[in-house]
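Below: start_24.cif (mmCIF, C-alpha atoms)
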```
data_my_file
loop_
_atom_site.label_atom_id
_atom_site.label_comp_id
_atom_site.auth_asym_id
_atom_site.auth_seq_id
_atom_site.Cartn_x
_atom_site.Cartn_y
_atom_site.Cartn_z
CA MET C 202 0.33 16.58 -112.34
CA ASN C 203 -2.14 19.41 -111.76
CA GLU C 204 -2.18 22.19 -114.34
CA MET C 205 -3.88 25.49 -115.06
CA GLU C 206 -3.66 28.15 -117.71
CA ILE C 207 -5.11 31.64 -117.80
CA THR C 208 -4.98 34.38 -120.42
CA PHE C 209 -5.61 37.98 -119.50
CA SER C 210 -5.32 41.50 -120.94
CA ALA C 211 -1.99 43.27 -120.53
CA LEU C 212 -3.29 45.57 -117.80
CA LEU C 213 -1.32 46.11 -114.61
CA VAL C 214 -4.51 45.64 -112.61
CA ASN C 215 -4.38 41.98 -113.73
CA GLU C 216 -1.00 41.46 -112.08
CA ASN C 217 -2.85 41.20 -108.77
CA PHE C 218 -5.29 38.73 -110.37
CA ALA C 219 -2.36 36.63 -111.63
CA ARG C 220 -0.60 36.40 -108.27
CA THR C 221 -3.85 35.77 -106.39
CA SER C 222 -4.60 32.92 -108.84
CA VAL C 223 -1.14 31.45 -108.24
CA GLY C 224 -1.67 31.67 -104.48
CA ALA C 225 -5.07 29.99 -104.75
CA PHE C 226 -3.78 27.18 -107.00
CA LEU C 227 -1.03 26.45 -104.45
CA THR C 228 -3.45 26.18 -101.51
CA PRO C 229 -3.95 22.35 -101.65
CA LEU C 230 -0.18 21.97 -101.15
CA ASN C 231 -0.44 23.78 -97.83
CA PRO C 232 2.63 25.95 -98.52
CA THR C 233 4.26 28.14 -95.88
CA ILE C 234 3.38 31.84 -95.80
CA ASP C 235 6.88 32.69 -97.04
CA GLU C 236 6.56 30.24 -99.94
CA VAL C 237 3.27 31.84 -100.99
CA ILE C 238 4.76 35.36 -100.84
CA GLU C 239 7.80 34.19 -102.82
CA MET C 240 5.72 32.51 -105.53
CA LYS C 241 3.50 35.61 -105.74
CA THR C 242 6.58 37.80 -106.06
CA ILE C 243 7.95 35.63 -108.88
CA VAL C 244 4.68 35.87 -110.83
CA ALA C 245 4.33 39.62 -110.12
CA GLU C 246 7.78 40.32 -111.56
CA ALA C 247 7.20 38.08 -114.58
CA VAL C 248 3.74 39.46 -115.40
CA SER C 249 4.69 43.12 -114.94
CA ASN C 250 7.71 42.48 -117.18
CA ALA C 251 5.39 41.12 -119.90
CA ILE C 252 2.95 44.04 -119.60
CA ILE C 253 5.41 46.91 -119.23
CA HIS C 254 8.38 45.75 -121.31
CA GLY C 255 6.87 43.15 -123.64
CA TYR C 256 3.76 45.10 -124.55
CA ASN C 257 4.54 48.67 -123.49
CA ASN C 258 1.22 48.67 -121.59
CA ASN C 259 -0.88 47.93 -124.69
CA GLU C 260 -4.06 46.55 -123.14
CA ASN C 261 -5.22 44.96 -126.39
CA CYS C 262 -2.44 42.39 -125.95
CA LYS C 263 -2.70 39.21 -123.90
CA VAL C 264 -0.48 37.62 -121.30
CA VAL C 265 -0.56 33.84 -120.78
CA LEU C 266 0.15 32.32 -117.37
CA LYS C 267 0.62 28.57 -117.11
CA MET C 268 1.20 26.74 -113.89
CA SER C 269 1.76 23.10 -113.05
CA ILE C 270 2.35 21.23 -109.84
CA SER C 271 3.96 17.79 -109.94
CA GLU C 272 3.88 14.95 -107.43
CA ASP C 273 7.16 15.98 -105.81
CA ARG C 274 5.77 19.49 -105.07
CA THR C 275 7.70 21.12 -107.89
CA VAL C 276 5.82 24.14 -109.19
CA GLN C 277 6.46 25.34 -112.71
CA LEU C 278 5.35 28.80 -113.78
CA ILE C 279 5.39 29.98 -117.38
CA VAL C 280 4.59 33.59 -118.27
CA LYS C 281 4.36 34.27 -121.97
CA ASP C 282 3.87 37.40 -124.04
CA PHE C 283 3.83 37.99 -127.79
CA GLY C 284 5.46 41.38 -127.52
CA LYS C 285 8.68 42.98 -128.60
CA GLY C 286 11.09 40.41 -127.18
CA ILE C 287 14.46 40.77 -125.49
CA GLU C 288 17.65 41.20 -127.47
CA ASN C 289 20.13 40.05 -124.85
CA VAL C 290 18.62 37.74 -122.24
CA GLU C 291 21.79 37.58 -120.14
CA GLU C 292 21.86 41.37 -119.83
CA VAL C 293 18.33 41.62 -118.36
CA LYS C 294 19.17 39.16 -115.58
CA ALA C 295 21.90 41.44 -114.25
CA PRO C 296 21.00 43.41 -111.11
CA PHE C 297 19.98 47.05 -111.67
CA TYR C 298 19.59 46.54 -115.41
CA THR C 299 16.67 48.67 -116.60
CA THR C 300 15.57 50.24 -119.85
CA LEU C 301 13.19 52.60 -118.00
CA LYS C 302 15.36 54.42 -115.48
CA ASP C 303 13.26 57.60 -115.51
CA LEU C 304 10.18 55.72 -114.35
CA GLU C 305 11.88 54.58 -111.14
CA HIS C 306 12.18 50.97 -112.16
CA ALA C 307 14.74 49.40 -109.87
CA GLY C 308 15.93 46.98 -112.54
CA MET C 309 15.62 44.16 -110.02
CA GLY C 310 12.69 42.15 -111.43
CA MET C 311 14.65 39.42 -113.19
CA THR C 312 17.27 39.30 -110.43
CA ILE C 313 14.48 38.76 -107.89
CA ILE C 314 13.02 35.91 -109.97
CA ASP C 315 16.50 34.40 -110.32
CA THR C 316 16.95 34.51 -106.54
CA LEU C 317 13.54 33.16 -105.52
CA ALA C 318 13.17 30.44 -108.16
CA ASP C 319 15.17 27.17 -108.21
CA SER C 320 15.51 27.48 -111.97
CA PHE C 321 14.81 30.39 -114.31
CA GLU C 322 14.98 30.38 -118.07
CA ILE C 323 14.26 33.20 -120.51
CA VAL C 324 13.29 32.24 -124.04
CA SER C 325 12.90 35.29 -126.21
CA GLU C 326 12.96 36.37 -129.79
CA VAL C 327 12.86 39.98 -130.91
CA GLY C 328 9.51 40.78 -132.54
CA ILE C 329 8.02 37.41 -131.56
CA GLY C 330 7.76 37.50 -127.79
CA THR C 331 9.16 36.29 -124.51
CA LYS C 332 8.58 33.23 -122.37
CA LEU C 333 9.79 33.08 -118.77
CA ILE C 334 10.00 29.56 -117.33
CA MET C 335 10.46 29.25 -113.59
CA THR C 336 10.42 26.30 -111.23
CA ARG C 337 10.41 26.08 -107.50
CA GLN C 338 10.13 23.01 -105.30
CA LEU C 339 8.05 23.58 -102.20
CA LYS C 340 9.16 22.12 -98.90
CA GLU C 341 7.59 18.91 -97.68
CA HIS C 342 4.60 19.79 -95.57
CA LEU C 343 4.93 18.45 -92.05
CA GLY C 344 1.84 17.43 -90.07
CA MET Y 134 -6.63 44.76 -96.84
CA GLU Y 135 -7.03 48.02 -98.72
CA ASN Y 136 -3.86 49.65 -100.01
CA ALA Y 137 -3.31 52.82 -98.04
CA MET Y 138 -0.57 55.00 -96.64
CA TYR Y 139 -0.72 57.09 -93.49
CA TYR Y 140 1.86 58.98 -91.48
CA LYS Y 141 2.55 60.48 -88.10
CA GLU Y 142 5.35 62.26 -86.32
CA ILE Y 143 7.43 60.35 -83.78
CA ASN Y 144 10.42 62.04 -82.11
CA HIS Y 145 10.75 64.63 -84.89
CA LEU Y 146 10.73 61.89 -87.50
CA LEU Y 147 8.07 61.58 -90.16
CA VAL Y 148 6.95 57.95 -89.97
CA VAL Y 149 5.07 56.65 -93.02
CA TYR Y 150 3.09 53.40 -92.73
CA PHE Y 151 2.17 51.38 -95.79
CA CYS Y 152 -0.85 49.08 -95.54
CA GLY Y 153 -1.59 46.30 -98.02
CA GLU Y 154 0.42 45.80 -101.20
CA ILE Y 155 3.04 47.83 -103.04
CA ASP Y 156 3.10 46.64 -106.64
CA SER Y 157 3.34 48.15 -110.12
CA MET Y 158 -0.33 49.10 -109.90
CA SER Y 159 -0.12 50.98 -106.59
CA ALA Y 160 3.46 52.30 -106.73
CA PRO Y 161 2.81 55.30 -109.07
CA ALA Y 162 0.10 56.69 -106.75
CA TYR Y 163 2.38 56.28 -103.72
CA ARG Y 164 5.18 57.93 -105.66
CA LYS Y 165 3.07 61.04 -106.33
CA GLU Y 166 1.66 61.22 -102.79
CA LEU Y 167 5.07 60.71 -101.13
CA THR Y 168 6.92 63.13 -103.39
CA GLU Y 169 4.46 65.87 -102.39
CA LEU Y 170 4.48 64.92 -98.70
CA LEU Y 171 8.28 64.91 -98.50
CA GLU Y 172 8.48 68.25 -100.30
CA LYS Y 173 6.27 69.83 -97.64
CA THR Y 174 8.45 68.72 -94.72
CA ASP Y 175 12.11 68.91 -93.78
CA GLN Y 176 12.31 65.97 -91.38
CA ASP Y 177 14.12 62.70 -91.69
CA VAL Y 178 11.72 59.98 -92.80
CA VAL Y 179 10.92 56.44 -91.66
CA PHE Y 180 9.10 53.90 -93.83
CA SER Y 181 7.31 51.21 -91.82
CA PHE Y 182 6.24 48.00 -93.54
CA GLU Y 183 4.63 46.30 -90.55
CA ASN Y 184 1.24 46.17 -92.30
CA THR Y 185 2.58 45.66 -95.80
CA THR Y 186 1.61 42.25 -97.17
CA PHE Y 187 3.44 42.39 -100.49
CA ILE Y 188 6.30 44.38 -102.04
CA ASP Y 189 7.85 43.70 -105.44
CA SER Y 190 10.57 45.45 -107.45
CA SER Y 191 8.30 48.42 -108.14
CA GLY Y 192 8.21 48.98 -104.36
CA ILE Y 193 12.00 48.84 -104.30
CA GLY Y 194 12.06 51.41 -107.13
CA LEU Y 195 9.67 53.61 -105.16
CA ILE Y 196 11.91 53.50 -102.09
CA LEU Y 197 15.08 54.21 -104.08
CA GLY Y 198 13.33 57.16 -105.71
CA ARG Y 199 12.37 58.67 -102.34
CA TYR Y 200 15.86 57.97 -100.99
CA ASN Y 201 17.28 60.03 -103.84
CA GLN Y 202 14.74 62.79 -103.28
CA LEU Y 203 15.72 63.05 -99.59
CA LYS Y 204 19.43 62.59 -100.17
CA PHE Y 205 19.42 65.69 -102.34
CA GLU Y 206 18.37 67.66 -99.24
CA HIS Y 207 20.75 65.76 -96.93
CA ARG Y 208 17.83 64.02 -95.25
CA THR Y 209 17.81 60.39 -94.16
CA LEU Y 210 15.41 57.60 -95.07
CA ILE Y 211 15.15 54.83 -92.47
CA LEU Y 212 13.44 51.47 -93.08
CA THR Y 213 11.68 49.35 -90.42
CA GLU Y 214 9.52 46.29 -89.81
CA LEU Y 215 10.01 44.24 -92.96
CA ASN Y 216 8.82 40.64 -93.23
CA ARG Y 217 11.40 37.92 -94.00
CA VAL Y 218 10.80 37.76 -97.75
CA SER Y 219 10.87 41.54 -98.23
CA TYR Y 220 13.97 41.83 -96.07
CA ARG Y 221 15.73 39.36 -98.34
CA LEU Y 222 14.71 41.23 -101.49
CA PHE Y 223 15.77 44.59 -100.02
CA GLU Y 224 19.10 43.08 -99.02
CA LEU Y 225 19.55 41.66 -102.53
CA SER Y 226 18.84 45.13 -103.97
CA GLY Y 227 21.51 46.69 -101.74
CA LEU Y 228 19.10 49.00 -99.89
CA PHE Y 229 20.70 48.36 -96.50
CA GLN Y 230 24.04 49.55 -97.83
CA ILE Y 231 22.61 53.05 -98.21
CA MET Y 232 19.71 53.19 -95.73
CA PRO Y 233 19.61 52.29 -92.02
CA TYR Y 234 17.30 49.45 -91.00
CA TYR Y 235 15.63 48.82 -87.63
CA GLN Y 236 13.51 45.77 -86.83
CA SER Y 237 10.89 47.84 -85.02
CA ILE Y 238 9.91 51.42 -84.25
CA GLU Y 239 10.87 50.71 -80.62
CA GLU Y 240 14.36 49.62 -81.65
CA LEU Y 241 14.61 52.70 -83.83
CA LYS Y 242 13.68 54.99 -80.91
CA GLU Y 243 16.34 53.35 -78.73
CA GLY Y 244 18.86 53.57 -81.54
CA ILE Y 245 18.49 57.26 -82.20
CA LEU Y 246 17.85 58.62 -78.69
#
```
Encoding of this model in C-alpha cells:
Amino acid sequence: MNEMEITFSALLVNENFARTSVGAFLTPLNPTIDEVIEMKTIVAEAVSNAIIHGYNNNENCKVVLKMSISEDRTVQLIVKDFGKGIENVEEVKAPFYTTLKDLEHAGMGMTIIDTLADSFEIVSEVGIGTKLIMTRQLKEHLG
Amino acid sequence: MENAMYYKEINHLLVVYFCGEIDSMSAPAYRKELTELLEKTDQDVVFSFENTTFIDSSGIGLILGRYNQLKFEHRTLILTELNRVSYRLFELSGLFQIMPYYQSIEELKEGIL
C-alpha cells in the first residue's frame, strides 16, 4: 500500500495542484492517458465541490486530499472538507442538480464522479463537513 | 501548455479553439471573453477542443451557457475534436442531444457544404 495526504487552502487555483499531484502519484503504475485524465477529472470535481460548495470559496479553510494505491492497482481518493455539509446526499448525485444555477454550474460534478469511479460514497453532516470517498481500479499494465 | 483561446473564421463560421485546460479556475475568464465575442458577431459558432487537455464540469457549464446565449438569437453552437474522456462526459451531460458534433473541422466542412 502506497499512501499520500496533502492539505491545502480552499482556493480554486489549488484544484490544479491537487489533480497534478494525483497524476504524479499515479505515475509509477504506468496508467493509460485516459486513466490519468479520468482520475484528474474525479479529483477536480471533488476538490472544486469542497471549495465552492463546502466552503463558499473561503480561502482560510483547508481541503484534505488523501490517496492510496493498493497491490491490485486499486486507487482510493478521499477529499474532505470541514464546511457546511450536504443535507441530502442522494439529491446531489442526480444529474443537473445544482444549487448555483446562476453561476453556470452544470450540476454534473457528482454525476461525473459517479460515472468515472468504480465506487463513490458521500459521507456528510450539515455543519460538520463532507467526505467524498472514491475508488477506481486501474487496468493491468501490459509490457 | 498555457490556457488560451483564439478564434478564426472558416466558411462563415466563427471557430473558437481552446488550448490547455478548462476548469473552475479558467472557466470564468473564458465565460467573460466568449460572452463579449459572441455579442459582437452574428455567425454560427464552432468550439474546437483539439488542443484542450482537460475539461471538467465547469467547462460543460461554460458550453451550456454559451449555447443558451446563442440559442436566444437562433444561432447554432457546434462542437468538434473532443478526446475520448471529454466525449464521454459531454455525452453523459446530454450536450449532443442539443448541439451537433463533428469529429474534425474537415468533417464539419464536408457536413455543412
Written as a PDB file with C-alpha atoms, in the coordinates of the input, which residues does the PyMOL selection byres ((chain Y and resi 216) around 12) give for the file shown?
```
ATOM      1  CA  ILE C 234       3.380  31.840 -95.800  1.00  0.00           C
ATOM      2  CA  ASP C 235       6.880  32.690 -97.040  1.00  0.00           C
ATOM      3  CA  ILE C 238       4.760  35.360-100.840  1.00  0.00           C
ATOM      4  CA  GLU C 239       7.800  34.190-102.820  1.00  0.00           C
TER       5      GLU C 239
ATOM      6  CA  SER Y 181       7.310  51.210 -91.820  1.00  0.00           C
ATOM      7  CA  PHE Y 182       6.240  48.000 -93.540  1.00  0.00           C
ATOM      8  CA  GLU Y 183       4.630  46.300 -90.550  1.00  0.00           C
ATOM      9  CA  ASN Y 184       1.240  46.170 -92.300  1.00  0.00           C
ATOM     10  CA  THR Y 185       2.580  45.660 -95.800  1.00  0.00           C
ATOM     11  CA  THR Y 186       1.610  42.250 -97.170  1.00  0.00           C
ATOM     12  CA  PHE Y 187       3.440  42.390-100.490  1.00  0.00           C
ATOM     13  CA  ILE Y 188       6.300  44.380-102.040  1.00  0.00           C
ATOM     14  CA  LEU Y 212      13.440  51.470 -93.080  1.00  0.00           C
ATOM     15  CA  THR Y 213      11.680  49.350 -90.420  1.00  0.00           C
ATOM     16  CA  GLU Y 214       9.520  46.290 -89.810  1.00  0.00           C
ATOM     17  CA  LEU Y 215      10.010  44.240 -92.960  1.00  0.00           C
ATOM     18  CA  ARG Y 217      11.400  37.920 -94.000  1.00  0.00           C
ATOM     19  CA  VAL Y 218      10.800  37.760 -97.750  1.00  0.00           C
ATOM     20  CA  SER Y 219      10.870  41.540 -98.230  1.00  0.00           C
ATOM     21  CA  TYR Y 220      13.970  41.830 -96.070  1.00  0.00           C
ATOM     22  CA  ARG Y 221      15.730  39.360 -98.340  1.00  0.00           C
ATOM     23  CA  LEU Y 222      14.710  41.230-101.490  1.00  0.00           C
ATOM     24  CA  PHE Y 223      15.770  44.590-100.020  1.00  0.00           C
ATOM     25  CA  GLN Y 236      13.510  45.770 -86.830  1.00  0.00           C
ATOM     26  CA  SER Y 237      10.890  47.840 -85.020  1.00  0.00           C
TER      27      SER Y 237
END
```
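Each of Y:Met232, Y:Leu241, Y:Leu147, Y:Leu197 was compared to chain C using only C-alpha atoms, and Y:Leu197 turns out to be the nearest.
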For chain C against chain Y, which residues fall within 12 Å using all atoms listed in the file, given as a PDB file with C-alpha atoms, in the frame of the given file?
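Output file part07.pdb is given in full below:
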```
ATOM      1  CA  LEU C 212      -3.290  45.570-117.800  1.00  0.00           C
ATOM      2  CA  LEU C 213      -1.320  46.110-114.610  1.00  0.00           C
ATOM      3  CA  VAL C 214      -4.510  45.640-112.610  1.00  0.00           C
ATOM      4  CA  ASN C 215      -4.380  41.980-113.730  1.00  0.00           C
ATOM      5  CA  GLU C 216      -1.000  41.460-112.080  1.00  0.00           C
ATOM      6  CA  ASN C 217      -2.850  41.200-108.770  1.00  0.00           C
ATOM      7  CA  PHE C 218      -5.290  38.730-110.370  1.00  0.00           C
ATOM      8  CA  ARG C 220      -0.600  36.400-108.270  1.00  0.00           C
ATOM      9  CA  THR C 221      -3.850  35.770-106.390  1.00  0.00           C
ATOM     10  CA  THR C 233       4.260  28.140 -95.880  1.00  0.00           C
ATOM     11  CA  ILE C 234       3.380  31.840 -95.800  1.00  0.00           C
ATOM     12  CA  ASP C 235       6.880  32.690 -97.040  1.00  0.00           C
ATOM     13  CA  GLU C 236       6.560  30.240 -99.940  1.00  0.00           C
ATOM     14  CA  VAL C 237       3.270  31.840-100.990  1.00  0.00           C
ATOM     15  CA  ILE C 238       4.760  35.360-100.840  1.00  0.00           C
ATOM     16  CA  GLU C 239       7.800  34.190-102.820  1.00  0.00           C
ATOM     17  CA  MET C 240       5.720  32.510-105.530  1.00  0.00           C
ATOM     18  CA  LYS C 241       3.500  35.610-105.740  1.00  0.00           C
ATOM     19  CA  THR C 242       6.580  37.800-106.060  1.00  0.00           C
ATOM     20  CA  ILE C 243       7.950  35.630-108.880  1.00  0.00           C
ATOM     21  CA  VAL C 244       4.680  35.870-110.830  1.00  0.00           C
ATOM     22  CA  ALA C 245       4.330  39.620-110.120  1.00  0.00           C
ATOM     23  CA  GLU C 246       7.780  40.320-111.560  1.00  0.00           C
ATOM     24  CA  ALA C 247       7.200  38.080-114.580  1.00  0.00           C
ATOM     25  CA  VAL C 248       3.740  39.460-115.400  1.00  0.00           C
ATOM     26  CA  SER C 249       4.690  43.120-114.940  1.00  0.00           C
ATOM     27  CA  ASN C 250       7.710  42.480-117.180  1.00  0.00           C
ATOM     28  CA  ILE C 252       2.950  44.040-119.600  1.00  0.00           C
ATOM     29  CA  ILE C 253       5.410  46.910-119.230  1.00  0.00           C
ATOM     30  CA  ASN C 258       1.220  48.670-121.590  1.00  0.00           C
ATOM     31  CA  ALA C 295      21.900  41.440-114.250  1.00  0.00           C
ATOM     32  CA  PRO C 296      21.000  43.410-111.110  1.00  0.00           C
ATOM     33  CA  PHE C 297      19.980  47.050-111.670  1.00  0.00           C
ATOM     34  CA  TYR C 298      19.590  46.540-115.410  1.00  0.00           C
ATOM     35  CA  THR C 299      16.670  48.670-116.600  1.00  0.00           C
ATOM     36  CA  LEU C 301      13.190  52.600-118.000  1.00  0.00           C
ATOM     37  CA  LYS C 302      15.360  54.420-115.480  1.00  0.00           C
ATOM     38  CA  ASP C 303      13.260  57.600-115.510  1.00  0.00           C
ATOM     39  CA  LEU C 304      10.180  55.720-114.350  1.00  0.00           C
ATOM     40  CA  GLU C 305      11.880  54.580-111.140  1.00  0.00           C
ATOM     41  CA  HIS C 306      12.180  50.970-112.160  1.00  0.00           C
ATOM     42  CA  ALA C 307      14.740  49.400-109.870  1.00  0.00           C
ATOM     43  CA  GLY C 308      15.930  46.980-112.540  1.00  0.00           C
ATOM     44  CA  MET C 309      15.620  44.160-110.020  1.00  0.00           C
ATOM     45  CA  GLY C 310      12.690  42.150-111.430  1.00  0.00           C
ATOM     46  CA  MET C 311      14.650  39.420-113.190  1.00  0.00           C
ATOM     47  CA  THR C 312      17.270  39.300-110.430  1.00  0.00           C
ATOM     48  CA  ILE C 313      14.480  38.760-107.890  1.00  0.00           C
ATOM     49  CA  ILE C 314      13.020  35.910-109.970  1.00  0.00           C
ATOM     50  CA  ASP C 315      16.500  34.400-110.320  1.00  0.00           C
ATOM     51  CA  THR C 316      16.950  34.510-106.540  1.00  0.00           C
ATOM     52  CA  LEU C 317      13.540  33.160-105.520  1.00  0.00           C
TER      53      LEU C 317
END
```
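Between CA of Glu166 in chain Y and CA of Glu135 in chain Y there is a distance of 16.3 Å.
Neighbours of Asn231 in chain C closer than or equal to 10 Å, with all atoms listed in the file counted and sequence neighbours fewer than 5 positions away skipped, come out as Glu236, Val237, Leu339, Lys340, Glu341, His342 and Leu343 of chain C.
This file gives the following result for the PyMOL selection byres ((chain C and resi 285) around 10): Ala251, His254, Gly255, Tyr256, Asn257, Asp282, Phe283, Gly284, Gly286, Ile287, Glu288, Ser325, Glu326, Val327, Gly328, Ile329, Gly330 and Thr331 of chain C.
What the PyMOL selection byres ((chain C and resi 207) around 12) picks from this file is Glu204, Met205, Glu206, Thr208, Phe209, Ser210, Asn215, Phe218, Ala219, Arg220, Ser222, Val223, Phe226, Lys263, Val264, Val265, Leu266, Lys267, Met268, Ser269, Leu278, Ile279, Val280 and Lys281 of chain C.
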With 4 Å of padding per side, what axis-aligned box (centre and edge lengths, Å, one decimal) covers all the listed atoms of range 322-327 of chain C? Give it as lines of an AutoDock Vina configuration file.
```
center_x = 13.9
center_y = 35.2
center_z = -124.5
size_x = 10.1
size_y = 17.6
size_z = 20.8
```
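The spacing separating CA of Glu260 in chain C from CA of Val293 in chain C amounts to 23.4 Å.
The smallest atom-to-atom distance between Glu206 in chain Y and any of Y:Glu224, Y:Tyr235, Y:Lys141, Y:Gln176, using all atoms listed in the file, is found for Y:Gln176.
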Residues within 9 Å of Glu172 in chain Y, all atoms listed in the file, excluding chain neighbours under 4 positions, as number ranges by chain: Y: 167-168, 202-203
Two-atom distance - CA of Ile143 in chain Y, CA of Phe205 in chain Y (Å): 22.7 Å
All residues 9 Å or closer to Val290 in chain C, only C-alpha atoms, same chain fewer than 4 positions away omitted, as a ChimeraX atom specification: /C:294,323-325
